[in-house]
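Q: Take a look at the following structure, please.
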Amino acid sequence: MAMRWGLIGASTIAAEHVIGAIRAQKDNAISAVLSSSRERADAYAARHAIPNADTELAVLLARPEIDAVYISTTNEKHRDQALAAIAAGKHVLCEKPLAMSVADARRMVDAARKAGLVFATNHHLRCSGAHRAAKALIAGGRIGKVLSMRVFHAVLLPEHLRGWRLDNPAAGGGVIPDITVHDADTVRFYLDEDPKRVVAQAVSSGLGQGVEDSVMSVWTMPSGVMVQSHESFTHPFAGSGLEIHGTEGSIFARNVMTQLPTGTITLVTAEGEADVPYESYNLYEYAIAAFNRAVSGEGRPAADGIDGVKSLAIAMAVRQSAREGRAIDVDYEGY
Ligand code: NDP
């Protein structure tokens, strides 16, 4: 369908992935970008051939041709920008974490629902061909009854992202809002259930200033499947991945917790070890295509607003558990 976008935030993620993913869709175009700085707005618009550079949200939202906005500012800005976009009748694709609190995230999602607008969360991992192939093995019964899942997402934060993530809790910095939310969404995607309770430990090892830069947690799932998750900004050589173990087999997915369509999946059963093929395509293009379809009334976004509320609820419980040194029940604010 024809869709005109406004970019709220002159961000790295939009530059590296989302602008290209929007332009890869038939009849999609970017009409304007918003930055809080005139200089950055103009430079970003020129660099990415975006026709309009705005510094006032109201000006961007008043552009009648804009159907949808992509919000990729720092995390403390998402709530008010999303609520304003919804009030202006725009569909919203919002970056994770949706907000600084679960209650705020829920307000955003409820407002879009009341307004009859599509609201999506940019959890790209569930879009990946590798994750979809690994999930299909479980659905096809290849590993029998699932017993446990382990997520490895301890990476080295790239030099060019070492800003607010490392030293600004008020902007939503820290590894838990940044990466644990993605892992929470990935676990929910694989297991089709929501953790009830978490227990966690975190450290701020020096790279993070006033925010956690590494965290490990264990989650209680309603089915009894055991889940363990590890996120970090400080691990140069750990690689990423996940393992899912069942009564009849195990899945080892290596280097798959990434923005790129890369990694390997190995299935181990009584018959031996086999490489699992998967379809390799751009994860962000998949998300924007699903968003386009949802706006035209076909299906739902790859990750919708409720997915974003739930991933945030899990991450916030992990953070509270690490800070208070006790198990925390996940509060989904009624979702
Ligand atoms: P950036 O730091 O690149 O951009 C965030 C904001 O920082 C921009 O909106 C911009 O403000 C401001 N900014 C950018 N450059 C400068 C500068 N030189 N001086 C001062 N301010 C500057 O963030 P990311 O792109 O890494 O992340 C943005 C959002 O996207 C976050 O919510 C993050 O969690 C999410 N994200 C999601 C990913 C995914 O795969 N789903 C991956 C990476 C990030 P302004 O707009 O006012 O110019």
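So you can find residues: chains in the structure tokens are A, B, ... in the order shown, residues in each start at 1, and ligands are numbered from 1 in order.
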As a quick test: using only C-alpha atoms and all ligand atoms, which residues lie no more than 8 Å away from ligand 1? Give them as a PyMOL selection string.
A: chain A and resi 8-15+34-37+40-41+55+71-75+78+95-98+122-125+161+163-164+177-178+182+259
Q: Tell me, as a list in words, which residues lie within 7 Å of segment 131-136 of chain A, counting only C-alpha atoms; anything in the same chain fewer than 5 positions away does not count.
A: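 Once the adjacent positions are removed, what remains is Arg126, Tyr190 and Tyr278 of chain A.
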Q: From the set A:Glu243, A:Glu273, A:Asp110, A:Asp194, which residue has the shortest atom-to-atom contact distance to His153 of chain A, counting only C-alpha atoms?
A: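 For His153 of chain A, the nearest of the given residues is A:Glu243.
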Q: Find, counting only C-alpha atoms, the residue in A:Ser311, A:Thr269, A:Asn28, A:Thr234 that gets nearest to Asp331 of chain A.
A: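 Going through A:Ser311, A:Thr269, A:Asn28, A:Thr234 one by one, the smallest distance to Asp331 of chain A is for A:Ser311.
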Q: Give the helix (DSSP H, G or I) residues of segment 81-300 of chain A, as DSSP finds them on the backbone, and put them as a PyMOL selection string.
A: chain A and resi 81-87+102-115+125-127+129-139+159-161+164-167+169-171+175-191+283-295
Q: List the neighbours of Gly241 of chain A out to 10 Å using only C-alpha atoms; skip same-chain residues closer than 4 positions along the sequence, and give me the result as an MDAnalysis selection string.
A: chainID A and resid 150:154 252:258 263:265
Q: Mind dumping the selected residues with C-alpha atoms as an mmCIF file, in the first residue's frame?
A:
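Below you can see result21.cif, which holds the result:
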```cif
data_model
loop_
_atom_site.group_PDB
_atom_site.id
_atom_site.type_symbol
_atom_site.label_atom_id
_atom_site.label_comp_id
_atom_site.auth_asym_id
_atom_site.auth_seq_id
_atom_site.Cartn_x
_atom_site.Cartn_y
_atom_site.Cartn_z
ATOM 1 C CA ARG A 150 19.000 -20.383 27.515
ATOM 2 C CA VAL A 151 19.610 -17.020 25.837
ATOM 3 C CA PHE A 152 23.147 -15.672 25.299
ATOM 4 C CA HIS A 153 23.141 -11.998 24.428
ATOM 5 C CA ALA A 154 26.368 -10.722 25.970
ATOM 6 C CA PHE A 252 21.663 -24.691 19.218
ATOM 7 C CA ALA A 253 21.273 -21.332 17.454
ATOM 8 C CA ARG A 254 24.596 -19.476 17.228
ATOM 9 C CA ASN A 255 25.169 -15.775 16.517
ATOM 10 C CA VAL A 256 21.471 -15.177 15.937
ATOM 11 C CA MET A 257 20.814 -12.381 18.462
ATOM 12 C CA THR A 258 21.744 -9.769 15.898
ATOM 13 C CA GLY A 263 23.974 -17.324 12.285
ATOM 14 C CA THR A 264 23.609 -21.080 12.300
ATOM 15 C CA ILE A 265 21.030 -23.460 13.697
#
```
Q: With distances taken over only C-alpha atoms, which residue among A:Arg319, A:Ala88, A:Gln201, A:Phe119 lies nearest Pro301 of chain A?
A: A:Phe119
Q: What is the atom CA of Ser229 of chain A to atom CA of Val215 of chain A distance in Å?
A: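 A separation of 8.2 Å between them.
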Q: Need the shell around Arg323 of chain A: protein/DNA/RNA residues with any atom at most 12 Å away, counting only C-alpha atoms. Skip same-chain ones fewer than 6 positions apart. Format as a list of chain:residue names?
A: A:Ile176, A:Val199, A:Ala200, A:Gln201, A:Ala202, A:Val203, A:Ser204, A:Val211, A:Glu212, A:Val215, A:Met316, A:Ala317
Q: Using only C-alpha atoms, which protein or nucleic acid residues come within 8 Å of Ile288 of chain A? Drop anything in the same chain fewer than 5 positions from it, and give the result as a ChimeraX atom specification.
A: /A:21-22,25
Q: Deliver the residues from the most recent selection as a file, using all heavy atoms, as a compact mmCIF listing (two decimals), in the first residue's frame.
A:
```txt
# COMPACT_ATOMS: atom_id res chain seq x y z
N ALA A 21 14.76 -0.03 5.07
CA ALA A 21 13.66 -1.01 5.12
C ALA A 21 12.34 -0.39 4.68
O ALA A 21 11.53 -1.03 4.01
CB ALA A 21 13.54 -1.58 6.54
N ILE A 22 12.14 0.89 5.03
CA ILE A 22 10.92 1.59 4.58
C ILE A 22 10.97 1.73 3.06
O ILE A 22 10.01 1.44 2.34
CB ILE A 22 10.80 2.97 5.26
CG1 ILE A 22 10.45 2.80 6.75
CG2 ILE A 22 9.76 3.84 4.54
CD1 ILE A 22 10.46 4.09 7.57
N GLN A 25 9.93 -1.04 0.63
CA GLN A 25 8.52 -1.42 0.44
C GLN A 25 7.94 -0.68 -0.75
O GLN A 25 8.23 0.50 -0.95
CB GLN A 25 7.67 -1.05 1.67
CG GLN A 25 8.24 -1.42 3.01
CD GLN A 25 8.43 -2.91 3.19
OE1 GLN A 25 7.58 -3.69 2.77
NE2 GLN A 25 9.53 -3.30 3.82
```
Q: Quick one: distance from atom CA of Asp67 of chain A to atom CA of Val18 of chain A in Å, one decimal?
A: 16.3 Å
Q: Go through A:Ala43, A:Cys127, A:Ile30, A:Leu93 and flag the residue nearest Glu65 of chain A, using only C-alpha atoms for the distances.
A: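 When distances to Glu65 of chain A are compared using only C-alpha atoms, the smallest one comes from A:Ile30.
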Q: Just give me the gap between atom CA of Tyr332 of chain A and atom CA of Val309 of chain A in Å, one decimal is fine.
A: 7.3 Å
Q: Please, which residues of segment 4-136 of chain A, numbered as in this document, come out strand (DSSP E or B) from DSSP, as a PyMOL selection string?
A: chain A and resi 4-8+28-34+52-54+68-71+91-94+119-121
Q: Create the file for the chosen residues now, containing N, CA and C atoms and written as a short mmCIF file (atom, residue, chain, number, x, y, z; two decimals), in the first residue's frame.
A:
```cif
data_model
loop_
_atom_site.label_atom_id
_atom_site.label_comp_id
_atom_site.auth_asym_id
_atom_site.auth_seq_id
_atom_site.Cartn_x
_atom_site.Cartn_y
_atom_site.Cartn_z
N ARG A 4 3.19 7.03 3.63
CA ARG A 4 4.15 8.12 3.83
C ARG A 4 4.52 8.14 5.30
N TRP A 5 5.82 8.19 5.56
CA TRP A 5 6.32 8.09 6.93
C TRP A 5 6.91 9.40 7.41
N GLY A 6 6.79 9.61 8.72
CA GLY A 6 7.56 10.64 9.40
C GLY A 6 8.50 9.96 10.36
N LEU A 7 9.75 10.36 10.35
CA LEU A 7 10.72 9.80 11.29
C LEU A 7 10.83 10.71 12.50
N ILE A 8 10.49 10.19 13.67
CA ILE A 8 10.63 10.98 14.90
C ILE A 8 11.93 10.54 15.55
N ASN A 28 6.24 3.08 -0.45
CA ASN A 28 6.49 3.72 0.84
C ASN A 28 7.54 4.80 0.64
N ALA A 29 7.36 5.92 1.31
CA ALA A 29 8.34 7.00 1.21
C ALA A 29 8.43 7.73 2.54
N ILE A 30 9.54 8.40 2.75
CA ILE A 30 9.73 9.17 3.99
C ILE A 30 9.54 10.65 3.66
N SER A 31 8.62 11.26 4.40
CA SER A 31 8.27 12.64 4.08
C SER A 31 9.06 13.64 4.93
N ALA A 32 9.33 13.29 6.20
CA ALA A 32 9.98 14.26 7.09
C ALA A 32 10.73 13.54 8.20
N VAL A 33 11.74 14.23 8.73
CA VAL A 33 12.45 13.74 9.91
C VAL A 33 12.40 14.83 10.97
N LEU A 34 12.26 14.39 12.23
CA LEU A 34 12.25 15.33 13.35
C LEU A 34 13.52 15.17 14.17
N ASN A 52 11.74 16.89 4.07
CA ASN A 52 11.45 17.88 5.10
C ASN A 52 12.21 17.59 6.39
N ALA A 53 12.76 18.64 6.99
CA ALA A 53 13.47 18.52 8.27
C ALA A 53 12.77 19.38 9.29
N ASP A 54 12.16 18.76 10.30
CA ASP A 54 11.38 19.50 11.30
C ASP A 54 12.07 19.49 12.65
N ALA A 68 2.07 7.38 8.91
CA ALA A 68 2.66 6.61 10.02
C ALA A 68 3.95 7.25 10.47
N VAL A 69 4.26 7.08 11.76
CA VAL A 69 5.55 7.58 12.26
C VAL A 69 6.37 6.41 12.80
N TYR A 70 7.68 6.57 12.68
CA TYR A 70 8.62 5.63 13.29
C TYR A 70 9.36 6.41 14.38
N ILE A 71 9.19 5.98 15.64
CA ILE A 71 9.78 6.70 16.78
C ILE A 71 11.07 6.00 17.21
N HIS A 91 -0.52 6.17 12.45
CA HIS A 91 -0.12 4.85 12.92
C HIS A 91 1.31 4.95 13.47
N VAL A 92 1.65 4.05 14.41
CA VAL A 92 2.94 4.19 15.11
C VAL A 92 3.73 2.89 15.10
N LEU A 93 4.97 3.00 14.64
CA LEU A 93 5.97 1.95 14.88
C LEU A 93 6.96 2.55 15.86
N CYS A 94 7.03 1.98 17.06
CA CYS A 94 7.84 2.57 18.13
C CYS A 94 8.99 1.65 18.48
N PHE A 119 -0.42 0.01 16.12
CA PHE A 119 0.73 0.34 16.98
C PHE A 119 1.62 -0.90 17.02
N ALA A 120 2.87 -0.71 16.66
CA ALA A 120 3.80 -1.85 16.64
C ALA A 120 5.07 -1.51 17.41
N THR A 121 5.72 -2.55 17.90
CA THR A 121 7.00 -2.41 18.60
C THR A 121 8.08 -3.00 17.71
#
```
Q: Quick one: of A:Pro277, A:Asp185, A:Ala170, A:Ala289, who's nearest to Lys26 of chain A, counting only C-alpha atoms?
A: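 So, comparing all the options, the nearest one is A:Ala289.
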Q: Could you give me, as number ranges by chain, the residues within 8 Å of Val155 of chain A, counting only C-alpha atoms and dropping anything in the same chain fewer than 5 positions from it?
A: A: 231-240
Q: Name the residues in contact with Gly129 of chain A at a cut-off of 8 Å, using only C-alpha atoms, excluding same-chain residues fewer than 4 positions from it; report them as a list in words.
A: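 Near neighbours after the sequence-gap exclusion: Ala133, Pro261, Tyr278, Glu279, Ser280, Tyr281 and Leu283 of chain A.
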Q: With distances taken over only C-alpha atoms, which of A:Ser205, A:Glu16, A:Gly246, A:Gly210 is nearest to Leu260 of chain A?
A: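 Distance minimum relative to Leu260 of chain A lands on A:Glu16.
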